[in-house]
>>> print(open('target_12.cif').read())   # mmCIF, C-alpha atoms and all ligand atoms
data_final
#
loop_
_atom_site.group_PDB
_atom_site.id
_atom_site.type_symbol
_atom_site.label_atom_id
_atom_site.label_comp_id
_atom_site.auth_asym_id
_atom_site.auth_seq_id
_atom_site.Cartn_x
_atom_site.Cartn_y
_atom_site.Cartn_z
ATOM 1 C CA ALA A 1 0.000 0.000 0.000
ATOM 2 C CA THR A 2 1.135 3.512 -0.728
ATOM 3 C CA PRO A 3 1.499 6.050 2.078
ATOM 4 C CA THR A 4 -1.566 7.760 0.647
ATOM 5 C CA ALA A 5 -3.614 4.564 0.875
ATOM 6 C CA VAL A 6 -2.548 4.172 4.502
ATOM 7 C CA MET A 7 -3.559 7.761 5.221
ATOM 8 C CA VAL A 8 -6.902 7.210 3.561
ATOM 9 C CA GLY A 9 -7.352 3.980 5.548
ATOM 10 C CA THR A 10 -6.655 5.605 8.909
ATOM 11 C CA GLY A 11 -8.874 8.522 7.909
ATOM 12 C CA VAL A 12 -11.797 6.272 7.026
ATOM 13 C CA GLY A 13 -11.257 4.430 10.306
ATOM 14 C CA ALA A 14 -11.316 7.665 12.289
ATOM 15 C CA SER A 15 -14.537 8.760 10.593
ATOM 16 C CA GLN A 16 -16.113 5.513 11.829
ATOM 17 C CA GLY A 17 -14.776 5.801 15.352
ATOM 18 C CA VAL A 18 -11.919 3.351 14.807
ATOM 19 C CA LEU A 19 -8.751 5.161 15.851
ATOM 20 C CA ILE A 20 -5.697 3.522 14.328
ATOM 21 C CA LYS A 21 -2.419 4.660 15.835
ATOM 22 C CA GLY A 22 -0.214 4.590 12.761
ATOM 23 C CA GLY A 23 0.382 2.609 9.591
ATOM 24 C CA GLY A 24 1.976 -0.321 11.413
ATOM 25 C CA ALA A 25 -1.235 -1.085 13.274
ATOM 26 C CA LEU A 26 -3.309 -0.770 10.102
ATOM 27 C CA GLU A 27 -0.926 -3.140 8.311
ATOM 28 C CA SER A 28 -0.799 -5.798 11.043
ATOM 29 C CA ALA A 29 -4.576 -6.007 11.286
ATOM 30 C CA HIS A 30 -5.024 -7.707 7.907
ATOM 31 C CA LYS A 31 -2.844 -10.644 8.956
ATOM 32 C CA VAL A 32 -4.812 -11.381 12.119
ATOM 33 C CA ASN A 33 -6.164 -14.933 12.265
ATOM 34 C CA CYS A 34 -6.832 -15.204 15.995
ATOM 35 C CA ILE A 35 -8.593 -12.798 18.323
ATOM 36 C CA VAL A 36 -8.350 -12.967 22.090
ATOM 37 C CA PHE A 37 -11.288 -11.290 23.808
ATOM 38 C CA ASP A 38 -11.323 -10.200 27.418
ATOM 39 C CA LYS A 39 -14.662 -11.089 29.005
ATOM 40 C CA THR A 40 -15.767 -8.370 31.414
ATOM 41 C CA GLY A 41 -16.410 -5.060 29.683
ATOM 42 C CA THR A 42 -15.337 -6.437 26.298
ATOM 43 C CA LEU A 43 -17.690 -9.322 25.469
ATOM 44 C CA THR A 44 -20.035 -8.211 28.231
ATOM 45 C CA VAL A 45 -21.623 -4.803 28.678
ATOM 46 C CA GLY A 46 -19.324 -4.217 31.643
ATOM 47 C CA LYS A 47 -21.994 -2.846 33.962
ATOM 48 C CA PRO A 48 -22.455 -5.698 36.396
ATOM 49 C CA VAL A 49 -25.497 -5.652 38.663
ATOM 50 C CA VAL A 50 -26.363 -7.578 41.802
ATOM 51 C CA VAL A 51 -29.222 -9.954 41.024
ATOM 52 C CA ASN A 52 -29.382 -12.223 44.069
ATOM 53 C CA THR A 53 -28.025 -12.546 47.596
ATOM 54 C CA HIS A 54 -27.663 -15.731 49.632
ATOM 55 C CA LEU A 55 -27.098 -15.179 53.335
ATOM 56 C CA LEU A 56 -25.451 -18.201 54.918
ATOM 57 C CA LYS A 57 -25.684 -16.919 58.495
ATOM 58 C CA THR A 58 -28.574 -15.272 60.318
ATOM 59 C CA MET A 59 -28.131 -11.576 59.757
ATOM 60 C CA LEU A 60 -29.907 -8.627 58.192
ATOM 61 C CA LEU A 61 -29.325 -8.011 54.520
ATOM 62 C CA ARG A 62 -28.782 -4.394 55.464
ATOM 63 C CA ASP A 63 -25.932 -5.234 57.857
ATOM 64 C CA PHE A 64 -24.406 -7.588 55.329
ATOM 65 C CA TYR A 65 -24.315 -4.935 52.601
ATOM 66 C CA MET A 66 -23.127 -2.283 55.027
ATOM 67 C CA VAL A 67 -19.862 -4.096 55.706
ATOM 68 C CA VAL A 68 -19.443 -5.239 52.093
ATOM 69 C CA ALA A 69 -19.908 -1.701 50.768
ATOM 70 C CA ALA A 70 -17.627 -0.220 53.425
ATOM 71 C CA ALA A 71 -14.747 -2.256 52.000
ATOM 72 C CA GLU A 72 -15.693 -2.144 48.312
ATOM 73 C CA ALA A 73 -16.106 1.637 48.365
ATOM 74 C CA ASN A 74 -12.296 1.647 48.260
ATOM 75 C CA SER A 75 -12.094 -0.447 45.073
ATOM 76 C CA GLU A 76 -12.377 0.710 41.458
ATOM 77 C CA HIS A 77 -13.321 -2.763 40.224
ATOM 78 C CA PRO A 78 -16.642 -2.959 38.299
ATOM 79 C CA LEU A 79 -17.828 -5.716 40.667
ATOM 80 C CA ALA A 80 -17.074 -3.422 43.618
ATOM 81 C CA LYS A 81 -19.146 -0.685 42.009
ATOM 82 C CA ALA A 82 -22.053 -3.098 41.556
ATOM 83 C CA LEU A 83 -21.903 -4.064 45.232
ATOM 84 C CA VAL A 84 -21.718 -0.458 46.456
ATOM 85 C CA GLU A 85 -24.552 0.570 44.146
ATOM 86 C CA TYR A 86 -26.751 -2.229 45.437
ATOM 87 C CA ALA A 87 -25.858 -1.505 49.061
ATOM 88 C CA ASN A 88 -27.177 2.036 48.606
ATOM 89 C CA LYS A 89 -30.690 0.556 48.668
ATOM 90 C CA PHE A 90 -30.190 -0.009 52.375
ATOM 91 C CA ARG A 91 -28.870 3.425 53.139
ATOM 92 C CA PRO A 92 -31.109 5.128 55.709
ATOM 93 C CA ALA A 93 -33.036 8.038 54.163
ATOM 94 C CA SER A 94 -31.927 10.399 56.905
ATOM 95 C CA SER A 95 -28.208 9.834 56.456
ATOM 96 C CA ASP A 96 -26.727 12.237 53.972
ATOM 97 C CA LEU A 97 -23.304 11.585 55.354
ATOM 98 C CA CYS A 98 -21.425 8.344 55.181
ATOM 99 C CA TRP A 99 -23.478 5.577 56.747
ATOM 100 C CA LEU A 100 -20.817 2.937 56.308
ATOM 101 C CA PRO A 101 -18.590 1.693 59.124
ATOM 102 C CA GLU A 102 -14.945 2.685 59.136
ATOM 103 C CA VAL A 103 -12.475 0.500 57.321
ATOM 104 C CA GLN A 104 -8.857 -0.186 58.183
ATOM 105 C CA ASP A 105 -6.025 -1.937 56.358
ATOM 106 C CA PHE A 106 -7.865 -2.122 53.020
ATOM 107 C CA VAL A 107 -6.056 -4.209 50.410
ATOM 108 C CA SER A 108 -7.082 -5.087 46.890
ATOM 109 C CA ILE A 109 -5.745 -8.442 45.701
ATOM 110 C CA THR A 110 -5.542 -8.696 41.901
ATOM 111 C CA GLY A 111 -7.696 -11.449 40.477
ATOM 112 C CA HIS A 112 -8.982 -12.368 43.933
ATOM 113 C CA GLY A 113 -10.949 -9.569 45.610
ATOM 114 C CA VAL A 114 -10.495 -7.307 48.604
ATOM 115 C CA ARG A 115 -9.615 -7.629 52.265
ATOM 116 C CA ALA A 116 -10.135 -5.102 55.050
ATOM 117 C CA LEU A 117 -10.704 -4.715 58.759
ATOM 118 C CA VAL A 118 -14.282 -3.616 59.427
ATOM 119 C CA GLN A 119 -15.482 -3.233 63.009
ATOM 120 C CA ASN A 120 -12.097 -4.710 63.933
ATOM 121 C CA LYS A 121 -12.891 -7.972 62.181
ATOM 122 C CA THR A 122 -11.446 -9.285 58.932
ATOM 123 C CA LEU A 123 -13.763 -8.980 55.941
ATOM 124 C CA LEU A 124 -13.030 -10.739 52.667
ATOM 125 C CA VAL A 125 -14.997 -10.129 49.458
ATOM 126 C CA GLY A 126 -13.992 -12.063 46.367
ATOM 127 C CA ASN A 127 -13.783 -15.433 44.673
ATOM 128 C CA THR A 128 -13.166 -18.959 45.967
ATOM 129 C CA LYS A 129 -9.407 -18.542 45.500
ATOM 130 C CA LEU A 130 -9.446 -15.620 47.937
ATOM 131 C CA MET A 131 -11.387 -17.649 50.494
ATOM 132 C CA LEU A 132 -9.317 -20.814 50.159
ATOM 133 C CA GLU A 133 -6.035 -18.912 50.406
ATOM 134 C CA SER A 134 -7.318 -17.396 53.652
ATOM 135 C CA GLU A 135 -8.452 -20.806 54.912
ATOM 136 C CA ILE A 136 -12.144 -19.959 54.944
ATOM 137 C CA THR A 137 -14.321 -23.065 54.788
ATOM 138 C CA ILE A 138 -16.681 -23.225 51.808
ATOM 139 C CA SER A 139 -19.574 -25.605 52.487
ATOM 140 C CA GLU A 140 -21.105 -27.998 49.951
ATOM 141 C CA ASP A 141 -24.208 -25.786 49.925
ATOM 142 C CA ALA A 142 -22.090 -22.771 49.087
ATOM 143 C CA TYR A 143 -20.403 -24.612 46.209
ATOM 144 C CA GLU A 144 -23.833 -25.600 44.919
ATOM 145 C CA ILE A 145 -24.994 -21.947 44.958
ATOM 146 C CA LEU A 146 -21.851 -20.936 43.070
ATOM 147 C CA LYS A 147 -22.265 -23.673 40.493
ATOM 148 C CA GLU A 148 -25.861 -22.693 39.767
ATOM 149 C CA ALA A 149 -24.931 -19.021 39.477
ATOM 150 C CA GLU A 150 -22.068 -19.791 37.112
ATOM 151 C CA GLU A 151 -24.256 -21.942 34.889
ATOM 152 C CA MET A 152 -26.425 -18.840 34.403
ATOM 153 C CA ALA A 153 -23.274 -16.911 33.407
ATOM 154 C CA ARG A 154 -23.326 -14.987 36.683
ATOM 155 C CA THR A 155 -20.319 -14.328 38.884
ATOM 156 C CA GLY A 156 -20.655 -15.490 42.484
ATOM 157 C CA ILE A 157 -18.865 -13.244 44.964
ATOM 158 C CA LEU A 158 -18.207 -14.714 48.385
ATOM 159 C CA VAL A 159 -18.163 -12.721 51.593
ATOM 160 C CA SER A 160 -16.486 -13.849 54.784
ATOM 161 C CA PHE A 161 -16.523 -11.955 58.058
ATOM 162 C CA ASP A 162 -14.404 -12.844 61.059
ATOM 163 C CA GLY A 163 -13.260 -16.094 59.447
ATOM 164 C CA VAL A 164 -16.721 -17.371 58.484
ATOM 165 C CA LEU A 165 -18.424 -17.438 55.099
ATOM 166 C CA VAL A 166 -21.532 -15.292 55.622
ATOM 167 C CA GLY A 167 -22.930 -14.834 52.134
ATOM 168 C CA ILE A 168 -22.732 -15.149 48.375
ATOM 169 C CA VAL A 169 -23.787 -12.405 45.984
ATOM 170 C CA GLU A 170 -24.760 -13.235 42.416
ATOM 171 C CA ILE A 171 -23.704 -10.585 39.946
ATOM 172 C CA SER A 172 -24.843 -10.479 36.344
ATOM 173 C CA ASP A 173 -23.150 -8.741 33.451
ATOM 174 C CA PRO A 174 -24.967 -9.538 30.200
ATOM 175 C CA VAL A 175 -23.143 -10.077 26.914
ATOM 176 C CA LYS A 176 -23.196 -7.258 24.376
ATOM 177 C CA PRO A 177 -26.015 -7.700 21.859
ATOM 178 C CA GLU A 178 -23.612 -7.827 18.895
ATOM 179 C CA ALA A 179 -21.130 -10.283 20.443
ATOM 180 C CA GLN A 180 -22.507 -13.500 19.010
ATOM 181 C CA ASP A 181 -22.825 -12.122 15.471
ATOM 182 C CA VAL A 182 -19.320 -10.719 15.558
ATOM 183 C CA VAL A 183 -17.853 -14.067 16.611
ATOM 184 C CA SER A 184 -19.698 -15.876 13.827
ATOM 185 C CA ILE A 185 -18.662 -13.316 11.192
ATOM 186 C CA LEU A 186 -15.044 -13.622 12.358
ATOM 187 C CA LYS A 187 -15.343 -17.389 11.978
ATOM 188 C CA SER A 188 -16.486 -16.884 8.376
ATOM 189 C CA MET A 189 -13.403 -14.695 7.860
ATOM 190 C CA ASN A 190 -11.257 -17.623 9.114
ATOM 191 C CA ILE A 191 -10.448 -15.852 12.347
ATOM 192 C CA LYS A 192 -10.522 -17.905 15.538
ATOM 193 C CA SER A 193 -11.931 -16.303 18.702
ATOM 194 C CA ILE A 194 -10.773 -17.028 22.244
ATOM 195 C CA VAL A 195 -11.899 -15.714 25.661
ATOM 196 C CA VAL A 196 -9.467 -14.901 28.457
ATOM 197 C CA THR A 197 -10.643 -13.701 31.824
ATOM 198 C CA GLY A 198 -9.720 -13.354 35.441
ATOM 199 C CA ASP A 199 -13.202 -14.589 36.316
ATOM 200 C CA ASN A 200 -13.887 -18.212 37.224
ATOM 201 C CA TRP A 201 -14.140 -21.117 34.759
ATOM 202 C CA GLY A 202 -17.854 -21.724 35.193
ATOM 203 C CA THR A 203 -18.921 -18.174 34.370
ATOM 204 C CA ALA A 204 -16.320 -17.876 31.600
ATOM 205 C CA ASN A 205 -17.537 -21.103 29.939
ATOM 206 C CA ALA A 206 -21.166 -19.978 30.143
ATOM 207 C CA ILE A 207 -20.397 -16.594 28.545
ATOM 208 C CA ALA A 208 -18.241 -18.237 25.862
ATOM 209 C CA LYS A 209 -21.061 -20.613 25.015
ATOM 210 C CA GLU A 210 -23.525 -17.725 24.739
ATOM 211 C CA VAL A 211 -21.379 -15.966 22.141
ATOM 212 C CA GLY A 212 -20.204 -19.105 20.325
ATOM 213 C CA ILE A 213 -16.570 -19.198 21.419
ATOM 214 C CA GLU A 214 -15.056 -22.641 21.988
ATOM 215 C CA THR A 215 -11.662 -21.833 23.494
ATOM 216 C CA VAL A 216 -11.647 -20.415 27.025
ATOM 217 C CA MET A 217 -8.904 -19.416 29.472
ATOM 218 C CA ALA A 218 -10.224 -18.471 32.913
ATOM 219 C CA GLU A 219 -8.772 -17.448 36.289
ATOM 220 C CA THR A 220 -5.854 -15.738 34.574
ATOM 221 C CA LEU A 221 -3.867 -12.905 36.128
ATOM 222 C CA PRO A 222 -2.842 -9.942 33.919
ATOM 223 C CA GLU A 223 0.543 -11.516 33.086
ATOM 224 C CA GLY A 224 -1.252 -14.756 32.267
ATOM 225 C CA LYS A 225 -3.305 -12.961 29.619
ATOM 226 C CA ALA A 226 -0.092 -11.689 27.971
ATOM 227 C CA GLU A 227 1.489 -15.144 28.203
ATOM 228 C CA LYS A 228 -1.543 -16.675 26.488
ATOM 229 C CA VAL A 229 -1.135 -14.171 23.638
ATOM 230 C CA LYS A 230 2.569 -15.026 23.309
ATOM 231 C CA GLU A 231 1.809 -18.738 23.358
ATOM 232 C CA LEU A 232 -0.657 -18.309 20.480
ATOM 233 C CA GLN A 233 1.940 -16.295 18.552
ATOM 234 C CA MET A 234 4.535 -19.035 19.121
ATOM 235 C CA SER A 235 2.117 -21.495 17.568
ATOM 236 C CA GLY A 236 2.244 -19.394 14.401
ATOM 237 C CA LEU A 237 -0.883 -17.283 14.764
ATOM 238 C CA THR A 238 -1.136 -13.528 14.257
ATOM 239 C CA VAL A 239 -3.019 -12.378 17.315
ATOM 240 C CA ALA A 240 -5.240 -9.425 18.099
ATOM 241 C CA MET A 241 -6.215 -8.765 21.712
ATOM 242 C CA VAL A 242 -9.415 -6.885 22.509
ATOM 243 C CA GLY A 243 -9.737 -5.540 26.045
ATOM 244 C CA ASP A 244 -10.845 -2.701 28.261
ATOM 245 C CA GLY A 245 -9.153 -3.116 31.624
ATOM 246 C CA ILE A 246 -5.894 -2.221 33.316
ATOM 247 C CA ASN A 247 -5.363 -5.963 33.583
ATOM 248 C CA ASP A 248 -5.568 -6.313 29.800
ATOM 249 C CA SER A 249 -2.762 -3.869 29.058
ATOM 250 C CA PRO A 250 0.151 -6.343 29.136
ATOM 251 C CA ALA A 251 -1.759 -8.531 26.652
ATOM 252 C CA LEU A 252 -2.683 -5.513 24.486
ATOM 253 C CA VAL A 253 1.022 -4.689 24.231
ATOM 254 C CA ALA A 254 2.061 -8.303 23.584
ATOM 255 C CA ALA A 255 -0.475 -8.840 20.782
ATOM 256 C CA ASP A 256 0.308 -8.157 17.121
ATOM 257 C CA VAL A 257 -2.629 -5.772 17.272
ATOM 258 C CA GLY A 258 -4.009 -4.467 20.566
ATOM 259 C CA MET A 259 -7.562 -3.134 20.371
ATOM 260 C CA ALA A 260 -9.010 -1.194 23.294
ATOM 261 C CA ILE A 261 -12.672 -0.638 23.986
ATOM 262 C CA GLY A 262 -13.263 3.128 23.953
ATOM 263 C CA ALA A 263 -15.280 2.996 27.163
ATOM 264 C CA GLY A 264 -12.381 1.188 28.823
ATOM 265 C CA THR A 265 -9.671 2.414 31.159
ATOM 266 C CA ASP A 266 -7.114 5.019 30.042
ATOM 267 C CA ILE A 267 -4.326 2.513 30.609
ATOM 268 C CA ALA A 268 -5.848 0.039 28.145
ATOM 269 C CA ILE A 269 -6.449 2.815 25.590
ATOM 270 C CA GLU A 270 -2.815 3.882 25.877
ATOM 271 C CA ALA A 271 -1.512 0.322 25.560
ATOM 272 C CA ALA A 272 -3.575 -0.391 22.406
ATOM 273 C CA ASP A 273 -2.743 0.130 18.723
ATOM 274 C CA ILE A 274 -6.370 0.636 17.780
ATOM 275 C CA VAL A 275 -9.152 2.201 19.857
ATOM 276 C CA LEU A 276 -12.793 1.263 19.207
ATOM 277 C CA MET A 277 -14.438 4.547 20.168
ATOM 278 C CA ARG A 278 -18.017 3.255 19.885
ATOM 279 C CA SER A 279 -17.175 0.339 22.207
ATOM 280 C CA ASN A 280 -19.081 -1.830 19.742
ATOM 281 C CA LEU A 281 -17.485 -5.182 18.890
ATOM 282 C CA GLU A 282 -18.520 -4.829 15.236
ATOM 283 C CA ASP A 283 -15.668 -2.384 14.944
ATOM 284 C CA VAL A 284 -13.195 -5.229 15.397
ATOM 285 C CA ILE A 285 -14.437 -6.318 11.979
ATOM 286 C CA THR A 286 -14.430 -2.735 10.663
ATOM 287 C CA ALA A 287 -10.740 -2.448 11.587
ATOM 288 C CA ILE A 288 -9.738 -5.751 9.999
ATOM 289 C CA ASP A 289 -11.795 -5.037 6.892
ATOM 290 C CA LEU A 290 -10.207 -1.662 6.470
ATOM 291 C CA SER A 291 -6.762 -3.173 6.804
ATOM 292 C CA ARG A 292 -7.573 -5.933 4.320
ATOM 293 C CA LYS A 293 -8.851 -3.348 1.849
ATOM 294 C CA THR A 294 -5.802 -1.160 2.293
ATOM 295 C CA PHE A 295 -3.149 -3.877 2.174
ATOM 296 C CA LYS A 296 -4.542 -6.624 0.002
ATOM 297 C CA ARG A 297 -6.883 -5.422 -2.648
ATOM 298 C CA ILE A 298 -5.470 -2.004 -3.398
ATOM 299 C CA ARG A 299 -1.902 -2.323 -4.551
HETATM 300 P P1 LIG A 301 -11.564 -9.767 34.563
HETATM 301 O O1 LIG A 301 -10.602 -10.413 33.606
HETATM 302 O O2 LIG A 301 -12.909 -10.428 34.456
HETATM 303 O O3 LIG A 301 -11.634 -8.272 34.373
HETATM 304 P P2 LIG A 301 -10.236 -9.512 37.250
HETATM 305 O O4 LIG A 301 -8.845 -10.064 37.183
HETATM 306 O O5 LIG A 301 -10.394 -8.048 37.380
HETATM 307 O O6 LIG A 301 -11.094 -10.128 36.039
HETATM 308 O O7 LIG A 301 -10.990 -10.189 38.490
HETATM 309 C C1 LIG A 301 -11.062 -11.599 38.591
HETATM 310 C C2 LIG A 301 -11.959 -12.018 39.706
HETATM 311 O O8 LIG A 301 -11.426 -11.562 40.970
HETATM 312 C C3 LIG A 301 -13.354 -11.445 39.648
HETATM 313 O O9 LIG A 301 -14.191 -12.194 38.804
HETATM 314 C C4 LIG A 301 -13.758 -11.547 41.117
HETATM 315 O O10 LIG A 301 -14.161 -12.852 41.427
HETATM 316 C C5 LIG A 301 -12.484 -11.234 41.847
HETATM 317 N N1 LIG A 301 -12.371 -9.802 42.199
HETATM 318 C C6 LIG A 301 -11.482 -8.906 41.727
HETATM 319 N N2 LIG A 301 -11.664 -7.687 42.279
HETATM 320 C C7 LIG A 301 -12.724 -7.801 43.120
HETATM 321 C C8 LIG A 301 -13.414 -6.900 44.006
HETATM 322 N N3 LIG A 301 -13.070 -5.619 44.142
HETATM 323 N N4 LIG A 301 -14.454 -7.392 44.725
HETATM 324 C C9 LIG A 301 -14.812 -8.682 44.610
HETATM 325 N N5 LIG A 301 -14.210 -9.573 43.807
HETATM 326 C C10 LIG A 301 -13.183 -9.157 43.071
HETATM 327 MG MG MG A 302 -12.388 -6.327 31.220
#
>>> encode(input="target_12.cif", output="structure tokens")
Amino acid sequence: ATPTAVMVGTGVGASQGVLIKGGGALESAHKVNCIVFDKTGTLTVGKPVVVNTHLLKTMLLRDFYMVVAAAEANSEHPLAKALVEYANKFRPASSDLCWLPEVQDFVSITGHGVRALVQNKTLLVGNTKLMLESEITISEDAYEILKEAEEMARTGILVSFDGVLVGIVEISDPVKPEAQDVVSILKSMNIKSIVVTGDNWGTANAIAKEVGIETVMAETLPEGKAEKVKELQMSGLTVAMVGDGINDSPALVAADVGMAIGAGTDIAIEAADIVLMRSNLEDVITAIDLSRKTFKRIR
């Protein structure tokens, strides 16, 4: 392609909300034959909501959410925001000021959840890994609740207080309406789709099934996502990564083409070669199409 064709290509992209950072990115995109999708915020809408709560000990829902929100108010994670948002239902009408108990020693543990001291007792909010690493017992009943939630593509968040599992919150984050079509169009373009996520295997498999993706990598840490990309490249594939989160940035950099969701975090947008301003997955195809047109047909 001539420099003019590349300029035209990036210009057309920009007019459609596909920001291509330079000719190199536009060129690489036409060779892509494998796309790695992040789950949360990429395949899914990314606005998780609490849909069900299971209390495993006798306590008021209000008290449960008060301690959960006290800790999660310190986290930027979308799941934390869903929990805080839901907890606001229980906020007394009279209290304009903070109604949540004080929190000490807050820590956020990547890929696991959060830990804090609330009312001088240890509170944990996160996945089974977080609980097991802290030696919290998860009963058979609790595992059953998690399994059922995951089969419905929901994420089960466990809450322990003072060393005891006290509840499980089911959080739902629906898939984007275009996701399934995009995956099937990519298939027809001979491009293989894969999901990688820090979320658990059950939920990841359910989401993958909904959108028609067969290859799933779950419970991965940010470096694990990048390693998966490198592994695919070693096997001879040209890989695009599509993601929105801070935890996707190493993989966005490692990929032949990193594509960030426009509604995603600044760090992901910076790490990417292409930014999908409309946050619509169809623009993954727009970008590849544009590259194919620029570098294959027009010579
Ligand atoms: P993703 O790839 O889906 O963006 P993350 O690595 O951010 O995943 O998180 C993986 C898992 O860790 C979540 O599905 C959740 O179970 C747990 N987790 C992370 N942060 C939090 C939090 N603030 N509160 C509760 N759970 C969390
Ligand atoms: Mg994400």
>>> residues_near_ligand(input="target_12.cif", ligand="ligand MG 302 (chain A)", cutoff="6 Å", atoms="all atoms listed in the file", output="PyMOL selection string")
chain A and resi 38-42+243-245
>>> closest_residue(input="target_12.cif", among="A:Gly111, A:Pro177, A:Pro78, A:Gly167", to="ligand LIG 301 (chain A)", atoms="only C-alpha atoms and all ligand atoms")
A:Gly111
>>> resolve_selection(input="target_12.cif", expression="the PyMOL selection byres (((chain A and resi 154) around 6) and not hetatm)", output="list in words")
Ala149, Glu150, Met152, Ala153, Thr155, Ile171, Ser172 and Thr203 of chain A
>>> resolve_selection(input="target_12.cif", expression="the PyMOL selection byres (((chain A and resi 211-223) around 10) and not hetatm)", output="PyMOL selection string")
chain A and resi 36-39+43-44+110-112+127+129+175-184+187+192-210+224-229+245-251
>>> closest_residue(input="target_12.cif", among="A:Val169, A:Val51, A:Met234, A:Ile138", to="ligand LIG 301 (chain A)", atoms="all atoms listed in the file")
A:Val169
>>> atom_distance(input="target_12.cif", atom1="CA of Ala87 (chain A)", atom2="CA of Met66 (chain A)")
6.6 Å
>>> closest_residue(input="target_12.cif", among="A:Gly22, A:Gly236, A:Gly163, A:Gly13", to="Arg115 (chain A)", atoms="only C-alpha atoms")
A:Gly163
>>> residues_around(input="target_12.cif", residues="Val12 (chain A)", least_positions_apart="5", cutoff="12 Å", atoms="all atoms listed in the file", output="list in words")
Ala5, Val6, Met7, Gly17, Val18, Leu19, Ile20, Leu26, Thr286, Ala287, Asp289, Leu290, Ser291, Lys293 and Thr294 of chain A
>>> residues_around(input="target_12.cif", residues="Val84 (chain A)", least_positions_apart="6", cutoff="12 Å", atoms="all atoms listed in the file", output="list in words")
Pro48, Val49, Val50, Phe64, Tyr65, Met66, Val67, Val68, Ala69, Ala70, Ala71, Glu72, Ala73, Asn74, Ser75, Glu76, His77, Pro78, Phe90, Arg91 and Leu100 of chain A
>>> decode(input="target_12.cif", residues="region 40-85 of chain A", atoms="C-alpha atoms", output="PDB file, in the first residue's frame")
ATOM      1  CA  THR A  40     -15.767  -8.370  31.414  1.00  0.00           C
ATOM      2  CA  GLY A  41     -16.410  -5.060  29.683  1.00  0.00           C
ATOM      3  CA  THR A  42     -15.337  -6.437  26.298  1.00  0.00           C
ATOM      4  CA  LEU A  43     -17.690  -9.322  25.469  1.00  0.00           C
ATOM      5  CA  THR A  44     -20.035  -8.211  28.231  1.00  0.00           C
ATOM      6  CA  VAL A  45     -21.623  -4.803  28.678  1.00  0.00           C
ATOM      7  CA  GLY A  46     -19.324  -4.217  31.643  1.00  0.00           C
ATOM      8  CA  LYS A  47     -21.994  -2.846  33.962  1.00  0.00           C
ATOM      9  CA  PRO A  48     -22.455  -5.698  36.396  1.00  0.00           C
ATOM     10  CA  VAL A  49     -25.497  -5.652  38.663  1.00  0.00           C
ATOM     11  CA  VAL A  50     -26.363  -7.578  41.802  1.00  0.00           C
ATOM     12  CA  VAL A  51     -29.222  -9.954  41.024  1.00  0.00           C
ATOM     13  CA  ASN A  52     -29.382 -12.223  44.069  1.00  0.00           C
ATOM     14  CA  THR A  53     -28.025 -12.546  47.596  1.00  0.00           C
ATOM     15  CA  HIS A  54     -27.663 -15.731  49.632  1.00  0.00           C
ATOM     16  CA  LEU A  55     -27.098 -15.179  53.335  1.00  0.00           C
ATOM     17  CA  LEU A  56     -25.451 -18.201  54.918  1.00  0.00           C
ATOM     18  CA  LYS A  57     -25.684 -16.919  58.495  1.00  0.00           C
ATOM     19  CA  THR A  58     -28.574 -15.272  60.318  1.00  0.00           C
ATOM     20  CA  MET A  59     -28.131 -11.576  59.757  1.00  0.00           C
ATOM     21  CA  LEU A  60     -29.907  -8.627  58.192  1.00  0.00           C
ATOM     22  CA  LEU A  61     -29.325  -8.011  54.520  1.00  0.00           C
ATOM     23  CA  ARG A  62     -28.782  -4.394  55.464  1.00  0.00           C
ATOM     24  CA  ASP A  63     -25.932  -5.234  57.857  1.00  0.00           C
ATOM     25  CA  PHE A  64     -24.406  -7.588  55.329  1.00  0.00           C
ATOM     26  CA  TYR A  65     -24.315  -4.935  52.601  1.00  0.00           C
ATOM     27  CA  MET A  66     -23.127  -2.283  55.027  1.00  0.00           C
ATOM     28  CA  VAL A  67     -19.862  -4.096  55.706  1.00  0.00           C
ATOM     29  CA  VAL A  68     -19.443  -5.239  52.093  1.00  0.00           C
ATOM     30  CA  ALA A  69     -19.908  -1.701  50.768  1.00  0.00           C
ATOM     31  CA  ALA A  70     -17.627  -0.220  53.425  1.00  0.00           C
ATOM     32  CA  ALA A  71     -14.747  -2.256  52.000  1.00  0.00           C
ATOM     33  CA  GLU A  72     -15.693  -2.144  48.312  1.00  0.00           C
ATOM     34  CA  ALA A  73     -16.106   1.637  48.365  1.00  0.00           C
ATOM     35  CA  ASN A  74     -12.296   1.647  48.260  1.00  0.00           C
ATOM     36  CA  SER A  75     -12.094  -0.447  45.073  1.00  0.00           C
ATOM     37  CA  GLU A  76     -12.377   0.710  41.458  1.00  0.00           C
ATOM     38  CA  HIS A  77     -13.321  -2.763  40.224  1.00  0.00           C
ATOM     39  CA  PRO A  78     -16.642  -2.959  38.299  1.00  0.00           C
ATOM     40  CA  LEU A  79     -17.828  -5.716  40.667  1.00  0.00           C
ATOM     41  CA  ALA A  80     -17.074  -3.422  43.618  1.00  0.00           C
ATOM     42  CA  LYS A  81     -19.146  -0.685  42.009  1.00  0.00           C
ATOM     43  CA  ALA A  82     -22.053  -3.098  41.556  1.00  0.00           C
ATOM     44  CA  LEU A  83     -21.903  -4.064  45.232  1.00  0.00           C
ATOM     45  CA  VAL A  84     -21.718  -0.458  46.456  1.00  0.00           C
ATOM     46  CA  GLU A  85     -24.552   0.570  44.146  1.00  0.00           C
TER      47      GLU A  85
END
